[in-house]
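Trainee: Sharing a structure here in structure tokens format.
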Amino acid sequence: MFTGLHTMHPTDAELATQALAEEGKYRFPSFSASDAVTLGLSLRKRFRSSTRHVKGKGLVISIQTIAGHPLFACTVGDLGDIGGIGDVSLDSWTCLEGMINTVKRTGHSSFYVEKGMSAMGKNQQIAFPIWLENAPCCPIAVAACYSGSSPDDHYLVSTTIRDYLAKLRRDSQNFTPSVPEPPTPVAPRGENTEWLPHPSGESVFDRPNSPYNNTVDGEGRKLV
């Protein structure tokens, strides 16, 4: 007997379409190393407050430029004890690099590529591209995290980027440029007689009288 409603989960094609729409929507006005660190710490903080982390899940995070220059990287959790049991496995970073390479090759998030290929009946190793508003040719950087669950990892990265961009917009709207102070009026100088001509008409720079200044001798003859 039918007693409840079945939850309709989105298809892989619908998830791929949603991921593609997020890529077009989440564009940065600029992206610096400081932005990468702030974004990476936000990802770490959100995961640490999630139920997955409480249940013992670990996470690896990497943010790097499209050319491969690392901007932020960290591990949330432990690699494990001697028995090999831990929150993060040694293969986690290898899987993360595979996701980053997918973004570099395609220019799209690995989640979009995974769901798009899954909709076509293909499998793909499951990062999110960081785009600039005025640079539509290719992503400027890649933000990726891996915990073993591609839907959860994609949701973590996309929502963190969404909220970070919203904060940037709020800060830019609340920013009031400082108004330059008006120039301070300069009081007129008092009269300075240092450079005024001497009352007698003589200059302070005149050379003192010297017998060598005379051009005639005592008898009125001109000296050569």
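Identifiers in the structure tokens: chain A, B, ... in order shown; residue index from 1 per chain; ligand index from 1 in order shown.
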Skipping near chain neighbours, those fewer than 6 positions away, what residues fall within 9 Å of Thr65 (chain A) using only C-alpha atoms, listed as a list of chain:residue names?
Mentor: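 With the cut-off at 9 Å, the set is A:Leu71, A:Ile130, A:Pro139, A:Ile140, A:Ala141, A:Val142, A:Ala143.
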Trainee: Region 89-158 of chain A near region 22-43 of chain A within 8 Å: what's each residue's closest atom pair and its distance in Å to one decimal, counting only C-alpha atoms, ordered by chain then ascending residue number, as a tab-separated table?
Mentor:
```
residue	atom	partner	partner_atom	distance
A:His108	CA	A:Glu23	CA	7.6
A:Ser109	CA	A:Glu23	CA	7.7
A:Phe128	CA	A:Glu23	CA	8.0
A:Pro129	CA	A:Glu23	CA	7.3
A:Ile130	CA	A:Arg27	CA	7.0
A:Trp131	CA	A:Arg27	CA	5.1
A:Leu132	CA	A:Phe28	CA	4.7
A:Glu133	CA	A:Arg27	CA	5.2
A:Asn134	CA	A:Pro29	CA	7.6
A:Ile140	CA	A:Phe31	CA	7.9
A:Leu156	CA	A:Leu43	CA	7.1
A:Val157	CA	A:Leu43	CA	6.9
A:Ser158	CA	A:Glu22	CA	7.5
```
Trainee: Let's have the selection written as a short mmCIF file (atom, residue, chain, number, x, y, z; two decimals), in the first residue's frame, with N, CA and C atoms.
Mentor:
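What ended up in result_17.cif:
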```cif
data_model
loop_
_atom_site.label_atom_id
_atom_site.label_comp_id
_atom_site.auth_asym_id
_atom_site.auth_seq_id
_atom_site.Cartn_x
_atom_site.Cartn_y
_atom_site.Cartn_z
N HIS A 108 35.81 23.22 -16.93
CA HIS A 108 34.57 23.05 -16.18
C HIS A 108 34.85 22.30 -14.88
N SER A 109 33.91 22.39 -13.95
CA SER A 109 34.07 21.67 -12.69
C SER A 109 34.05 20.17 -12.94
N PHE A 128 36.46 22.98 -8.69
CA PHE A 128 35.59 24.04 -9.18
C PHE A 128 36.45 25.13 -9.78
N PRO A 129 36.18 25.54 -11.02
CA PRO A 129 36.99 26.59 -11.63
C PRO A 129 36.67 27.95 -11.04
N ILE A 130 37.69 28.77 -10.90
CA ILE A 130 37.51 30.14 -10.43
C ILE A 130 37.67 31.07 -11.62
N TRP A 131 36.56 31.71 -11.99
CA TRP A 131 36.53 32.59 -13.15
C TRP A 131 36.57 34.04 -12.72
N LEU A 132 37.13 34.88 -13.59
CA LEU A 132 37.06 36.32 -13.40
C LEU A 132 35.95 36.88 -14.28
N GLU A 133 35.34 37.97 -13.82
CA GLU A 133 34.23 38.56 -14.57
C GLU A 133 34.67 39.06 -15.94
N ASN A 134 35.88 39.58 -16.04
CA ASN A 134 36.34 40.17 -17.29
C ASN A 134 37.33 39.29 -18.04
N ILE A 140 40.92 31.31 -13.95
CA ILE A 140 42.16 31.87 -13.42
C ILE A 140 42.78 30.95 -12.37
N LEU A 156 30.04 21.67 -1.01
CA LEU A 156 30.86 22.44 -0.07
C LEU A 156 31.60 23.57 -0.79
N VAL A 157 32.23 23.25 -1.93
CA VAL A 157 33.01 24.26 -2.64
C VAL A 157 32.10 25.32 -3.26
N SER A 158 31.03 24.89 -3.93
CA SER A 158 30.17 25.85 -4.63
C SER A 158 29.46 26.80 -3.67
#
```
